[in-house]
Amino acid sequence: MLKKMGEAVARVARKVNETVESGSDTLDLAECKLVSFPTGIYKVLRNVSGQIHLITLANNELKSLTSKFMTTFSQLQDVPVEKLAAMPALRSINLRFNPLNAEVRVIAPPLIKFDMLMSPEGARAPLP
């Protein structure tokens with residue numbers, strides 16, 4: 001069990017390092033056995049978080065995403081509505097102050113069975 005956990009941590013570290021080193025606009029953390037978004041990643045990504053436009057968290061065991069995730073990655077544009085709709089345990093997702101594309105705004109509400117918090121189109125996050 002500990003060996004598998006160690007392998008999962010190493011996989012996350014490797015993927016985060018690849019994103020930082022390549023300057024990619026994508027962070028792929030699919031299939032990393034995550035139950036939450038690792039807080040240590042925020043420090044590692046602090047210099048590149050603003051350029052990340054796609055985060056893949058597919059096939060994990062996430063229970064929630066914190067407000068820190070939403071404020072750190074406030075530039076996310078595309079939300080996989082179909083995948084969210086297929087998550088029976090999901091109760092709420094906060095996507096306020098993200099520049100969501102129009103398709104997400106139109107398609108999401110009838111498909112999802114949970115609260116999806118969004119800001120009005122064009123709204124900007126308050127300055128810190």
# chains A, B, ... in the order shown; residues from 1 in each chain; ligands from 1

call {"tool": "residues_around", "arguments": {"residues": "A:Tyr42", "least_positions_apart": "2", "cutoff": "12 Å", "atoms": "only C-alpha atoms", "output": "PyMOL selection string"}}
result
chain A and resi 13+16+20+37-40+44-50+66+68-73

call {"tool": "write_last_selection", "arguments": {"atoms": "all heavy atoms", "output": "short mmCIF file (atom, residue, chain, number, x, y, z; two decimals), in the first residue's frame"}}
result
data_model
loop_
_atom_site.label_atom_id
_atom_site.label_comp_id
_atom_site.auth_asym_id
_atom_site.auth_seq_id
_atom_site.Cartn_x
_atom_site.Cartn_y
_atom_site.Cartn_z
N ALA A 13 4.44 14.55 -8.86
CA ALA A 13 5.63 15.40 -8.91
C ALA A 13 6.22 15.45 -10.31
O ALA A 13 6.59 16.52 -10.80
CB ALA A 13 6.67 14.90 -7.91
N VAL A 16 3.89 17.58 -12.59
CA VAL A 16 3.98 19.01 -12.27
C VAL A 16 5.30 19.57 -12.78
O VAL A 16 5.34 20.65 -13.38
CB VAL A 16 3.81 19.25 -10.75
CG1 VAL A 16 4.15 20.67 -10.38
CG2 VAL A 16 2.39 18.90 -10.32
N VAL A 20 6.02 22.72 -15.45
CA VAL A 20 6.85 23.88 -15.12
C VAL A 20 8.01 24.00 -16.10
O VAL A 20 8.26 25.07 -16.65
CB VAL A 20 7.37 23.79 -13.67
CG1 VAL A 20 8.40 24.87 -13.38
CG2 VAL A 20 6.21 23.88 -12.68
N PHE A 37 -6.57 18.14 -4.10
CA PHE A 37 -5.51 18.77 -4.88
C PHE A 37 -4.37 19.07 -3.92
O PHE A 37 -4.55 19.80 -2.94
CB PHE A 37 -6.03 20.05 -5.54
CG PHE A 37 -5.13 20.55 -6.63
CD1 PHE A 37 -5.17 19.99 -7.89
CD2 PHE A 37 -4.24 21.58 -6.38
CE1 PHE A 37 -4.34 20.44 -8.90
CE2 PHE A 37 -3.41 22.05 -7.39
CZ PHE A 37 -3.47 21.48 -8.64
N PRO A 38 -3.18 18.52 -4.15
CA PRO A 38 -2.06 18.67 -3.21
C PRO A 38 -1.66 20.14 -3.01
O PRO A 38 -1.38 20.85 -3.98
CB PRO A 38 -0.92 17.90 -3.88
CG PRO A 38 -1.59 16.99 -4.86
CD PRO A 38 -2.82 17.70 -5.31
N THR A 39 -1.63 20.59 -1.77
CA THR A 39 -1.33 22.00 -1.49
C THR A 39 0.10 22.38 -1.88
O THR A 39 0.35 23.52 -2.24
CB THR A 39 -1.57 22.34 -0.01
OG1 THR A 39 -0.79 21.45 0.80
CG2 THR A 39 -3.03 22.21 0.35
N GLY A 40 1.02 21.45 -1.85
CA GLY A 40 2.40 21.74 -2.23
C GLY A 40 2.54 22.14 -3.70
O GLY A 40 3.50 22.82 -4.08
N VAL A 44 4.97 25.14 -6.20
CA VAL A 44 5.76 24.75 -7.36
C VAL A 44 5.26 25.46 -8.62
O VAL A 44 6.05 25.86 -9.47
CB VAL A 44 5.70 23.21 -7.57
CG1 VAL A 44 6.42 22.79 -8.82
CG2 VAL A 44 6.27 22.49 -6.35
N LEU A 45 3.96 25.67 -8.72
CA LEU A 45 3.37 26.27 -9.91
C LEU A 45 3.23 27.79 -9.83
O LEU A 45 2.73 28.39 -10.77
CB LEU A 45 1.98 25.66 -10.17
CG LEU A 45 1.95 24.20 -10.57
CD1 LEU A 45 0.51 23.72 -10.67
CD2 LEU A 45 2.67 23.98 -11.89
N ARG A 46 3.67 28.41 -8.77
CA ARG A 46 3.39 29.84 -8.57
C ARG A 46 3.84 30.72 -9.73
O ARG A 46 3.20 31.71 -10.03
CB ARG A 46 3.96 30.33 -7.25
CG ARG A 46 5.46 30.46 -7.22
CD ARG A 46 5.95 31.02 -5.87
NE ARG A 46 7.38 30.81 -5.76
CZ ARG A 46 7.95 29.80 -5.15
NH1 ARG A 46 7.21 28.91 -4.55
NH2 ARG A 46 9.26 29.68 -5.12
N ASN A 47 4.92 30.36 -10.41
CA ASN A 47 5.40 31.18 -11.52
C ASN A 47 4.72 30.88 -12.85
O ASN A 47 4.87 31.65 -13.80
CB ASN A 47 6.92 31.03 -11.69
CG ASN A 47 7.67 31.60 -10.50
OD1 ASN A 47 7.25 32.57 -9.89
ND2 ASN A 47 8.78 30.98 -10.16
N VAL A 48 4.00 29.78 -12.94
CA VAL A 48 3.37 29.42 -14.21
C VAL A 48 1.85 29.24 -14.11
O VAL A 48 1.20 28.98 -15.11
CB VAL A 48 4.00 28.14 -14.81
CG1 VAL A 48 5.46 28.33 -15.14
CG2 VAL A 48 3.80 26.94 -13.90
N SER A 49 1.28 29.37 -12.93
CA SER A 49 -0.14 29.10 -12.76
C SER A 49 -1.02 29.99 -13.63
O SER A 49 -2.07 29.56 -14.10
CB SER A 49 -0.56 29.20 -11.29
OG SER A 49 -0.41 30.52 -10.83
N GLY A 50 -0.59 31.21 -13.89
CA GLY A 50 -1.38 32.13 -14.71
C GLY A 50 -1.49 31.73 -16.16
O GLY A 50 -2.40 32.17 -16.86
N THR A 66 -10.64 23.09 -3.26
CA THR A 66 -10.73 24.21 -2.33
C THR A 66 -10.84 25.55 -3.05
O THR A 66 -10.61 25.65 -4.26
CB THR A 66 -9.47 24.25 -1.44
OG1 THR A 66 -8.35 24.53 -2.27
CG2 THR A 66 -9.26 22.94 -0.69
N LYS A 68 -8.78 27.85 -2.73
CA LYS A 68 -7.42 28.18 -3.19
C LYS A 68 -7.21 27.68 -4.61
O LYS A 68 -6.59 28.35 -5.43
CB LYS A 68 -6.37 27.59 -2.26
CG LYS A 68 -4.94 27.90 -2.70
CD LYS A 68 -3.99 27.94 -1.56
CE LYS A 68 -2.58 28.23 -2.01
NZ LYS A 68 -2.26 29.62 -2.04
N PHE A 69 -7.75 26.53 -4.94
CA PHE A 69 -7.66 26.01 -6.31
C PHE A 69 -8.33 26.98 -7.26
O PHE A 69 -7.79 27.34 -8.31
CB PHE A 69 -8.32 24.63 -6.40
CG PHE A 69 -8.30 24.05 -7.79
CD1 PHE A 69 -7.23 23.28 -8.21
CD2 PHE A 69 -9.36 24.26 -8.66
CE1 PHE A 69 -7.20 22.74 -9.48
CE2 PHE A 69 -9.33 23.73 -9.93
CZ PHE A 69 -8.26 22.96 -10.35
N MET A 70 -9.52 27.44 -6.90
CA MET A 70 -10.28 28.33 -7.78
C MET A 70 -9.60 29.69 -7.95
O MET A 70 -9.62 30.26 -9.03
CB MET A 70 -11.70 28.52 -7.25
CG MET A 70 -12.50 27.25 -7.24
SD MET A 70 -12.57 26.47 -8.87
CE MET A 70 -13.18 24.87 -8.43
N THR A 71 -9.00 30.21 -6.89
CA THR A 71 -8.35 31.52 -7.02
C THR A 71 -6.99 31.40 -7.72
O THR A 71 -6.60 32.31 -8.44
CB THR A 71 -8.18 32.21 -5.66
OG1 THR A 71 -7.44 31.37 -4.78
CG2 THR A 71 -9.52 32.56 -5.05
N THR A 72 -6.30 30.30 -7.53
CA THR A 72 -5.00 30.11 -8.18
C THR A 72 -5.17 29.92 -9.69
O THR A 72 -4.39 30.43 -10.48
CB THR A 72 -4.28 28.88 -7.60
OG1 THR A 72 -4.07 29.10 -6.21
CG2 THR A 72 -2.93 28.65 -8.26
N PHE A 73 -6.20 29.20 -10.09
CA PHE A 73 -6.42 28.90 -11.50
C PHE A 73 -7.67 29.61 -12.01
O PHE A 73 -8.52 29.01 -12.66
CB PHE A 73 -6.51 27.39 -11.72
CG PHE A 73 -5.28 26.65 -11.27
CD1 PHE A 73 -5.31 25.87 -10.14
CD2 PHE A 73 -4.10 26.78 -11.97
CE1 PHE A 73 -4.17 25.20 -9.72
CE2 PHE A 73 -2.95 26.11 -11.56
CZ PHE A 73 -2.98 25.32 -10.43
#

call {"tool": "residues_around", "arguments": {"residues": "A:Leu57", "least_positions_apart": "4", "cutoff": "9 Å", "atoms": "only C-alpha atoms", "output": "list in words"}}
result
Leu27, Asp28, Leu29, Ala30, Glu31, Cys32, Leu34 and Leu62 of chain A

call {"tool": "closest_residue", "arguments": {"among": "A:Ser67, A:Ser74, A:Asn60, A:Thr19", "to": "A:Ser36", "atoms": "only C-alpha atoms"}}
result
A:Asn60

call {"tool": "atom_distance", "arguments": {"atom1": "atom CA of A:Lys33", "atom2": "atom CA of A:Leu54"}}
result
18.8 Å

call {"tool": "closest_residue", "arguments": {"among": "A:Met5, A:Leu65, A:Val12, A:Ala102", "to": "A:Ile41", "atoms": "only C-alpha atoms"}}
result
A:Val12

call {"tool": "closest_residue", "arguments": {"among": "A:Val35, A:Ser24, A:Asn17, A:Lys4", "to": "A:His53", "atoms": "only C-alpha atoms"}}
result
A:Ser24
